[in-house]
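Coordinates from model.cif are shown below (mmCIF, C-alpha atoms).
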data_data
loop_
_atom_site.label_atom_id
_atom_site.label_comp_id
_atom_site.auth_asym_id
_atom_site.auth_seq_id
_atom_site.Cartn_x
_atom_site.Cartn_y
_atom_site.Cartn_z
CA MET A 659 25.95 9.51 12.04
CA THR A 660 24.70 6.25 10.56
CA ALA A 661 20.93 5.88 10.68
CA THR A 662 18.61 2.98 9.86
CA VAL A 663 14.91 3.59 9.18
CA SER A 664 12.18 1.32 7.83
CA ALA A 665 8.74 1.98 6.36
CA PRO A 666 5.89 -0.49 5.88
CA ALA A 667 4.11 -1.81 2.83
CA SER A 668 0.58 -0.58 2.29
CA SER A 669 -2.62 -1.54 0.55
CA GLY A 670 -4.23 1.48 -1.06
CA ASN A 671 -7.89 2.03 -1.95
CA ILE A 672 -9.21 -1.17 -0.29
CA GLY A 673 -12.05 -0.99 -2.80
CA PRO A 674 -14.02 2.27 -2.79
CA GLY A 675 -11.39 4.36 -0.96
CA PHE A 676 -9.70 5.26 -4.26
CA ASP A 677 -6.58 7.38 -3.69
CA ILE A 678 -7.64 8.44 -0.17
CA LEU A 679 -7.45 5.32 2.04
CA ALA A 680 -4.66 2.86 2.78
CA LEU A 681 -3.67 0.25 5.33
CA ALA A 682 -0.07 -0.29 6.47
CA LEU A 683 1.05 -3.93 6.38
CA ASP A 684 3.88 -5.79 8.10
CA LEU A 685 6.32 -6.00 5.20
CA ARG A 686 9.09 -3.40 5.38
CA CYS A 687 11.62 -1.50 3.32
CA THR A 688 14.72 -0.71 5.40
CA VAL A 689 17.30 1.93 4.49
CA THR A 690 20.61 2.57 6.25
CA ALA A 691 22.23 5.94 5.50
CA THR A 692 25.88 6.67 6.28
CA PRO A 693 27.74 9.96 5.60
CA SER A 694 30.11 9.47 2.68
CA SER A 695 32.29 11.32 0.21
CA GLU A 696 29.88 10.52 -2.63
CA TRP A 697 26.36 9.23 -3.22
CA SER A 698 25.99 5.47 -3.58
CA VAL A 699 23.35 2.79 -3.10
CA THR A 700 23.41 -0.97 -2.66
CA HIS A 701 20.40 -3.31 -2.65
CA ALA A 702 20.54 -6.40 -0.46
CA ASN A 703 18.02 -8.53 -2.35
CA GLY A 704 16.19 -8.96 -5.63
CA PHE A 705 13.61 -6.23 -5.05
CA ARG A 706 15.34 -3.33 -6.77
CA PRO A 707 14.63 -0.89 -9.61
CA VAL A 708 15.27 -2.26 -13.08
CA ASP A 709 18.02 -0.75 -15.20
CA GLY A 710 17.16 2.78 -16.28
CA GLN A 711 14.38 3.15 -13.70
CA GLU A 712 14.61 5.88 -11.08
CA ASP A 713 15.75 4.69 -7.67
CA LEU A 714 13.19 6.41 -5.44
CA THR A 715 15.22 5.74 -2.31
CA VAL A 716 18.16 7.75 -3.64
CA THR A 717 15.98 10.52 -5.03
CA ALA A 718 14.19 10.91 -1.70
CA ALA A 719 17.43 10.90 0.29
CA GLN A 720 18.94 13.54 -2.00
CA ALA A 721 15.87 15.73 -1.52
CA MET A 722 16.51 15.69 2.24
CA SER A 723 20.30 15.96 2.34
CA ALA A 724 22.76 18.23 0.57
CA ASP A 725 25.60 16.04 1.85
CA PRO A 726 26.33 12.72 0.11
CA LEU A 727 25.28 9.49 1.77
CA ALA A 728 25.96 5.82 1.22
CA LEU A 729 22.60 4.04 1.21
CA ALA A 730 22.00 0.36 1.88
CA VAL A 731 18.49 -0.83 0.98
CA SER A 732 16.79 -4.06 1.98
CA THR A 733 13.12 -4.57 1.29
CA GLU A 734 10.59 -7.32 1.90
CA ILE A 735 8.02 -5.60 -0.33
CA PRO A 736 7.68 -6.99 -3.86
CA LEU A 737 7.68 -4.40 -6.62
CA GLY A 738 4.76 -3.75 -8.95
CA LYS A 739 2.27 -5.78 -6.90
CA GLY A 740 0.04 -3.03 -5.48
CA LEU A 741 1.66 -3.08 -2.04
CA GLY A 742 3.06 0.43 -1.86
CA SER A 743 6.69 -0.47 -2.52
CA SER A 744 7.45 2.93 -4.05
CA SER A 745 6.00 4.91 -1.14
CA ALA A 746 7.84 2.75 1.40
CA ALA A 747 11.15 3.15 -0.45
CA ALA A 748 10.77 6.91 -0.73
CA ALA A 749 9.65 7.30 2.88
CA ALA A 750 12.46 5.16 4.28
CA GLY A 751 15.05 6.88 2.10
CA ALA A 752 13.92 10.38 3.05
CA ALA A 753 13.67 9.55 6.76
CA ALA A 754 17.04 7.79 6.91
CA ALA A 755 18.70 10.79 5.23
CA LEU A 756 17.15 13.20 7.72
CA LYS A 757 18.13 11.04 10.68
CA ALA A 758 21.71 10.65 9.42
CA THR A 759 22.24 14.36 8.76
CA THR A 760 20.12 16.12 11.39
CA GLY A 761 19.71 13.50 14.11
CA SER A 762 15.91 13.50 13.92
CA ILE A 763 13.02 12.68 11.61
CA ASP A 764 10.31 15.17 10.65
CA ALA A 765 7.47 12.78 9.78
CA ASP A 766 5.25 15.54 8.38
CA ARG A 767 8.04 16.67 6.04
CA VAL A 768 8.63 13.11 4.87
CA PHE A 769 4.91 12.60 4.23
CA GLU A 770 4.59 15.84 2.26
CA TYR A 771 7.59 14.91 0.12
CA VAL A 772 6.42 11.36 -0.61
CA ALA A 773 2.80 12.38 -1.28
CA GLU A 774 3.85 15.06 -3.75
CA ASN A 775 6.67 13.28 -5.53
CA GLU A 776 5.55 9.66 -5.50
CA GLY A 777 1.98 10.63 -6.31
CA HIS A 778 -0.03 8.46 -3.92
CA PRO A 779 -0.91 10.33 -0.72
CA ASP A 780 -2.84 7.34 0.64
CA ASN A 781 0.16 5.01 0.44
CA ALA A 782 2.45 7.83 1.61
CA ALA A 783 0.34 8.35 4.73
CA ALA A 784 0.34 4.64 5.57
CA ALA A 785 4.09 4.35 5.00
CA VAL A 786 4.89 7.30 7.27
CA PHE A 787 2.22 7.03 9.99
CA GLY A 788 1.09 3.38 9.90
CA GLY A 789 -2.28 1.81 10.63
CA LEU A 790 -5.45 2.57 8.69
CA VAL A 791 -5.19 6.10 7.39
CA GLY A 792 -7.16 8.43 5.15
CA VAL A 793 -6.23 11.71 3.48
CA THR A 794 -8.47 14.80 3.54
CA PRO A 795 -9.05 17.03 0.49
CA ASP A 796 -6.35 19.33 1.88
CA GLY A 797 -3.87 16.45 1.94
CA VAL A 798 -3.92 15.99 5.71
CA PRO A 799 -3.48 12.38 6.91
CA VAL A 800 -6.06 11.13 9.42
CA GLN A 801 -5.62 7.98 11.52
CA LEU A 802 -8.76 5.81 11.43
CA PRO A 803 -9.96 3.04 13.77
CA LEU A 804 -9.81 -0.61 12.73
CA ALA A 805 -11.68 -3.32 14.63
CA LEU A 806 -9.44 -5.96 16.18
CA ARG A 807 -11.69 -8.64 14.71
CA TRP A 808 -10.33 -8.36 11.19
CA ARG A 809 -7.45 -10.50 9.95
CA ILE A 810 -5.76 -9.54 6.70
CA VAL A 811 -5.15 -12.07 3.93
CA VAL A 812 -3.25 -10.91 0.85
CA ALA A 813 -2.84 -12.83 -2.42
CA ILE A 814 0.29 -11.77 -4.34
CA PRO A 815 0.44 -13.16 -7.91
CA ASP A 816 3.78 -13.82 -9.56
CA TYR A 817 3.19 -11.16 -12.25
CA GLN A 818 3.33 -7.37 -12.07
CA LEU A 819 0.85 -4.69 -13.09
CA PRO A 820 2.59 -1.31 -13.42
CA THR A 821 0.63 1.53 -11.81
CA ALA A 822 1.03 3.72 -14.90
CA GLU A 823 -0.63 1.06 -17.04
CA ALA A 824 -3.43 0.60 -14.52
CA ARG A 825 -4.07 4.36 -14.38
CA SER A 826 -4.14 4.70 -18.16
CA VAL A 827 -7.51 2.93 -18.45
CA LEU A 828 -9.37 5.15 -15.98
CA GLY A 829 -11.97 7.51 -17.43
CA ASP A 830 -12.03 11.30 -17.13
CA SER A 831 -15.72 11.61 -16.27
CA ILE A 832 -17.95 9.64 -13.91
CA PRO A 833 -21.77 9.33 -14.04
CA ARG A 834 -23.64 10.72 -11.07
CA ALA A 835 -25.15 7.34 -10.16
CA THR A 836 -21.65 5.85 -10.02
CA VAL A 837 -20.49 8.58 -7.66
CA VAL A 838 -23.44 8.03 -5.35
CA SER A 839 -22.98 4.27 -5.19
CA SER A 840 -19.24 4.73 -4.63
CA LEU A 841 -19.90 7.07 -1.70
CA ALA A 842 -22.30 4.52 -0.21
CA ARG A 843 -19.70 1.77 -0.54
CA PHE A 844 -17.05 4.00 1.04
CA MET A 845 -19.32 4.70 4.01
CA ALA A 846 -19.88 0.96 4.45
CA LEU A 847 -16.15 0.30 4.19
CA LEU A 848 -15.19 2.77 6.92
CA GLU A 849 -17.99 1.72 9.26
CA GLY A 850 -17.44 -1.99 8.73
CA LEU A 851 -13.71 -1.69 9.34
CA ARG A 852 -14.35 0.43 12.43
CA THR A 853 -17.08 -1.61 14.09
CA GLY A 854 -16.26 -5.12 12.93
CA ASP A 855 -19.82 -5.48 11.60
CA GLU A 856 -19.58 -8.09 8.84
CA ALA A 857 -22.90 -7.20 7.20
CA ILE A 858 -21.95 -3.55 6.85
CA LEU A 859 -18.44 -4.31 5.58
CA SER A 860 -19.83 -6.77 3.03
CA ALA A 861 -21.83 -3.92 1.49
CA ALA A 862 -18.57 -2.20 0.53
CA VAL A 863 -17.52 -4.89 -1.96
CA GLY A 864 -17.24 -3.83 -5.60
CA ASP A 865 -15.89 -0.63 -7.10
CA GLN A 866 -16.80 1.23 -10.28
CA LEU A 867 -14.18 3.99 -10.10
CA HIS A 868 -11.03 1.96 -10.57
CA GLU A 869 -11.62 -1.80 -10.19
CA ALA A 870 -14.26 -2.13 -12.92
CA PRO A 871 -12.29 -0.12 -15.55
CA ARG A 872 -9.16 -2.14 -14.76
CA ALA A 873 -10.84 -5.55 -14.84
CA GLY A 874 -9.54 -6.34 -18.32
CA LEU A 875 -5.94 -5.80 -17.20
CA ASN A 876 -6.21 -8.31 -14.38
CA PRO A 877 -9.28 -10.55 -14.82
CA ARG A 878 -8.08 -12.98 -12.17
CA ALA A 879 -8.48 -10.28 -9.49
CA GLY A 880 -12.26 -10.48 -9.78
CA GLU A 881 -12.12 -14.26 -9.54
CA MET A 882 -9.98 -14.06 -6.41
CA ILE A 883 -12.32 -11.53 -4.80
CA GLU A 884 -15.32 -13.77 -5.41
CA ALA A 885 -13.46 -16.84 -4.15
CA ALA A 886 -12.43 -15.04 -0.97
CA ARG A 887 -16.00 -13.92 -0.29
CA ARG A 888 -17.40 -17.41 -0.88
CA ALA A 889 -14.86 -18.71 1.62
CA GLY A 890 -16.02 -16.29 4.31
CA ALA A 891 -14.20 -13.00 3.73
CA ALA A 892 -16.35 -10.02 4.72
CA HIS A 893 -14.54 -7.82 2.20
CA ALA A 894 -12.05 -8.31 -0.61
CA ALA A 895 -10.64 -5.81 -3.07
CA TRP A 896 -7.77 -4.94 -5.36
CA SER A 897 -4.72 -3.92 -3.35
CA GLY A 898 -3.76 -0.57 -4.86
CA ALA A 899 -3.52 -0.91 -8.62
CA GLY A 900 -3.07 -4.67 -8.34
CA PRO A 901 -2.41 -7.38 -9.18
CA SER A 902 -2.55 -8.31 -5.47
CA VAL A 903 -5.88 -8.78 -3.70
CA ILE A 904 -6.52 -7.94 -0.04
CA SER A 905 -9.18 -9.69 2.03
CA PHE A 906 -10.63 -9.09 5.50
CA ALA A 907 -11.90 -12.05 7.51
CA ASP A 908 -12.41 -13.06 11.12
CA THR A 909 -10.14 -15.63 12.72
CA ALA A 910 -12.53 -18.51 12.06
CA ASN A 911 -12.42 -17.97 8.30
CA VAL A 912 -8.79 -16.96 7.72
CA SER A 913 -7.54 -20.41 6.69
CA LYS A 914 -10.50 -20.99 4.36
CA VAL A 915 -10.02 -17.60 2.70
CA ALA A 916 -6.28 -18.22 2.27
CA ASP A 917 -6.92 -21.64 0.70
CA ALA A 918 -9.54 -20.20 -1.66
CA LEU A 919 -7.15 -17.49 -2.80
CA ARG A 920 -4.36 -20.00 -3.40
CA SER A 921 -6.55 -22.26 -5.50
CA THR A 922 -7.83 -19.36 -7.60
CA MET A 923 -4.68 -17.29 -8.02
CA GLY A 924 -2.42 -19.82 -9.65
CA VAL A 925 1.30 -19.11 -9.21
CA GLY A 926 2.05 -16.67 -6.42
CA GLU A 927 1.97 -16.30 -2.66
CA VAL A 928 -0.81 -15.90 -0.10
CA ARG A 929 0.11 -14.26 3.19
CA VAL A 930 -1.80 -13.65 6.39
CA MET A 931 -0.48 -10.27 7.48
CA ASP A 932 -0.56 -8.10 10.55
CA VAL A 933 -1.32 -4.41 10.36
CA SER A 934 1.75 -2.24 10.92
CA GLU A 935 0.51 0.15 13.59
CA ASP A 936 3.65 2.24 13.35
CA GLY A 937 4.83 3.72 10.07
CA LEU A 938 8.41 4.96 10.06
CA ARG A 939 10.49 2.95 12.49
#

What is this structure when it is put down as structure tokens?
Amino acid sequence: MTATVSAPASSGNIGPGFDILALALDLRCTVTATPSSEWSVTHANGFRPVDGQEDLTVTAAQAMSADPLALAVSTEIPLGKGLGSSSAAAAAGAAAALKATTGSIDADRVFEYVAENEGHPDNAAAAVFGGLVGVTPDGVPVQLPLALRWRIVVAIPDYQLPTAEARSVLGDSIPRATVVSSLARFMALLEGLRTGDEAILSAAVGDQLHEAPRAGLNPRAGEMIEAARRAGAAHAAWSGAGPSVISFADTANVSKVADALRSTMGVGEVRVMDVSEDGLR
């Protein structure tokens, strides 16, 4: 049978939630899988792997199906911008293959595959299950509450920052004081997102585990974060490994935050996004 499945974009980390927290956003990667005599893939738009780069959609589909499939991929998620494009592609590819060959989707199986093979369990959880989601030390995804007050504003620069490059600058050891302050920020992040308390959420801004070490790779991110906060955002952070920046604001400040991000970012796009409450669709 022919099956079409989509998975959402996601913003990982959201500041101090490094590698364990992500939010699903309303941009989607859609994969249609059709039984065929041989494996093939077509991409409907410009967001596709460059020559020589692994096509994660195909790899994921092949991991789920021994029978060949013709895959058609269409994605709204820009690549290399810190918006979980790889996790969405892998999740949609794996799920479409399962649906086409077995008639159903095992979401837990898809999550386990994407988390292990794509390497970002936070983005994998958001892509498969949607909403605001964390991952326990045992790799179990946990749905988390998000106050209805918050609107999401994302600044997407016109340049890329490969995740591998962003990870290469992270240190192997962390001072105790840094760990303690990071835990305090993470507590404020979860509670502020849950309750809608602006003062608590504001205390989560800043990160020493991944944002500070990466600042030299994307200095404009810090400028955008500060501009968003001056314009009324309660929280702003790198989206994943960047270069995009995600901001949280109430309805009254959304337009001001978006304008501040546009004026600071330079060339690129600013989008007010909805949270994708469902993951695989």

Where is the centre and how long are the edges: axis-aligned box on segment 678-688 of chain A, 5 Å on each side, Å to one decimal, as AutoDock Vina command-line options:
--center_x 3.5 --center_y 1.2 --center_z 4.0 --size_x 32.4 --size_y 24.4 --size_z 18.3

Considering only C-alpha atoms, give me a table of residues in segment 739-829 of chain A that are at most 6 Å from segment 905-908 of chain A, with the closest atom pair and distance in Å for each, as a tab-separated table.
residue	atom	partner	partner_atom	distance
A:Arg807	CA	A:Asp908	CA	5.7
A:Trp808	CA	A:Asp908	CA	5.1
A:Arg809	CA	A:Ala907	CA	5.3
A:Ile810	CA	A:Phe906	CA	5.0
A:Val811	CA	A:Ser905	CA	5.1

Quiz prompt | 10 Å contact set for Ala861 of chain A, all atoms listed in the file, chain neighbours under 4 positions out, as a list in words | solution =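 Listing them by chain and then by number gives Ala842, Arg843, Phe844, Met845, Ala846, Leu847, Gly850, Glu856, Ala857, Ala892 and His893 of chain A.
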
Keeping C-alpha atoms, export the residues of the selection given above as a compact mmCIF listing (two decimals), in the coordinates of the input.
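File written: selection.txt
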# COMPACT_ATOMS: atom_id res chain seq x y z
CA ALA A 842 -22.30 4.52 -0.21
CA ARG A 843 -19.70 1.77 -0.54
CA PHE A 844 -17.05 4.00 1.04
CA MET A 845 -19.32 4.70 4.01
CA ALA A 846 -19.88 0.96 4.45
CA LEU A 847 -16.15 0.30 4.19
CA GLY A 850 -17.44 -1.99 8.73
CA GLU A 856 -19.58 -8.09 8.84
CA ALA A 857 -22.90 -7.20 7.20
CA ALA A 892 -16.35 -10.02 4.72
CA HIS A 893 -14.54 -7.82 2.20

Would you write out, as JSON lines, a table of all residues in segment 662-723 of chain A that have an atom no more than 7 Å from an atom of segment 727-747 of chain A, listing for each the closest atom pair and the distance in Å to one decimal, considering only C-alpha atoms and ordering rows by chain and rising residue number?
{"residue": "A:Ala665", "atom": "CA", "partner": "A:Ala746", "partner_atom": "CA", "distance": 5.1}
{"residue": "A:Pro666", "atom": "CA", "partner": "A:Ala746", "partner_atom": "CA", "distance": 5.9}
{"residue": "A:Ala667", "atom": "CA", "partner": "A:Gly742", "partner_atom": "CA", "distance": 5.3}
{"residue": "A:Ser668", "atom": "CA", "partner": "A:Gly742", "partner_atom": "CA", "distance": 4.9}
{"residue": "A:Ser669", "atom": "CA", "partner": "A:Leu741", "partner_atom": "CA", "distance": 5.2}
{"residue": "A:Leu685", "atom": "CA", "partner": "A:Glu734", "partner_atom": "CA", "distance": 5.6}
{"residue": "A:Arg686", "atom": "CA", "partner": "A:Glu734", "partner_atom": "CA", "distance": 5.5}
{"residue": "A:Cys687", "atom": "CA", "partner": "A:Thr733", "partner_atom": "CA", "distance": 4.0}
{"residue": "A:Thr688", "atom": "CA", "partner": "A:Ser732", "partner_atom": "CA", "distance": 5.2}
{"residue": "A:Val689", "atom": "CA", "partner": "A:Val731", "partner_atom": "CA", "distance": 4.6}
{"residue": "A:Thr690", "atom": "CA", "partner": "A:Ala730", "partner_atom": "CA", "distance": 5.1}
{"residue": "A:Ala691", "atom": "CA", "partner": "A:Leu729", "partner_atom": "CA", "distance": 4.7}
{"residue": "A:Thr692", "atom": "CA", "partner": "A:Ala728", "partner_atom": "CA", "distance": 5.1}
{"residue": "A:Pro693", "atom": "CA", "partner": "A:Leu727", "partner_atom": "CA", "distance": 4.6}
{"residue": "A:Ser694", "atom": "CA", "partner": "A:Leu727", "partner_atom": "CA", "distance": 4.9}
{"residue": "A:Glu696", "atom": "CA", "partner": "A:Leu727", "partner_atom": "CA", "distance": 6.4}
{"residue": "A:Trp697", "atom": "CA", "partner": "A:Leu727", "partner_atom": "CA", "distance": 5.1}
{"residue": "A:Ser698", "atom": "CA", "partner": "A:Ala728", "partner_atom": "CA", "distance": 4.8}
{"residue": "A:Val699", "atom": "CA", "partner": "A:Leu729", "partner_atom": "CA", "distance": 4.5}
{"residue": "A:Thr700", "atom": "CA", "partner": "A:Ala730", "partner_atom": "CA", "distance": 4.9}
{"residue": "A:His701", "atom": "CA", "partner": "A:Val731", "partner_atom": "CA", "distance": 4.8}
{"residue": "A:Ala702", "atom": "CA", "partner": "A:Ser732", "partner_atom": "CA", "distance": 5.0}
{"residue": "A:Asn703", "atom": "CA", "partner": "A:Ser732", "partner_atom": "CA", "distance": 6.3}
{"residue": "A:Phe705", "atom": "CA", "partner": "A:Pro736", "partner_atom": "CA", "distance": 6.1}
{"residue": "A:Leu714", "atom": "CA", "partner": "A:Ala747", "partner_atom": "CA", "distance": 6.3}
{"residue": "A:Thr715", "atom": "CA", "partner": "A:Ala747", "partner_atom": "CA", "distance": 5.2}

Self-check item: Target residues per the PyMOL selection byres ((chain A and resi 897) around 6), formatted as a PyMOL selection string
Solution: chain A and resi 669-670+740+896+898+900+902-904

Practice problem: Find the residue from A:Glu776, A:Glu770, A:Asp917, A:Glu869 that sits nearest to Ala824 of chain A; use only C-alpha atoms when measuring. | Solution: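 That would be A:Glu869, the residue with the smallest distance to Ala824 of chain A.
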
Quiz item: Which residues fall under the PyMOL selection byres ((chain A and resi 926) around 7) in this file, as a list in words?
Solution: Ile814, Pro815, Asp816, Met923, Gly924, Val925, Glu927 and Val928 of chain A

Give me a file of those residues, with C-alpha atoms, as a compact mmCIF listing (two decimals), in the coordinates of the input.
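Ended up saving to again39.txt:
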# COMPACT_ATOMS: atom_id res chain seq x y z
CA ILE A 814 0.29 -11.77 -4.34
CA PRO A 815 0.44 -13.16 -7.91
CA ASP A 816 3.78 -13.82 -9.56
CA MET A 923 -4.68 -17.29 -8.02
CA GLY A 924 -2.42 -19.82 -9.65
CA VAL A 925 1.30 -19.11 -9.21
CA GLU A 927 1.97 -16.30 -2.66
CA VAL A 928 -0.81 -15.90 -0.10
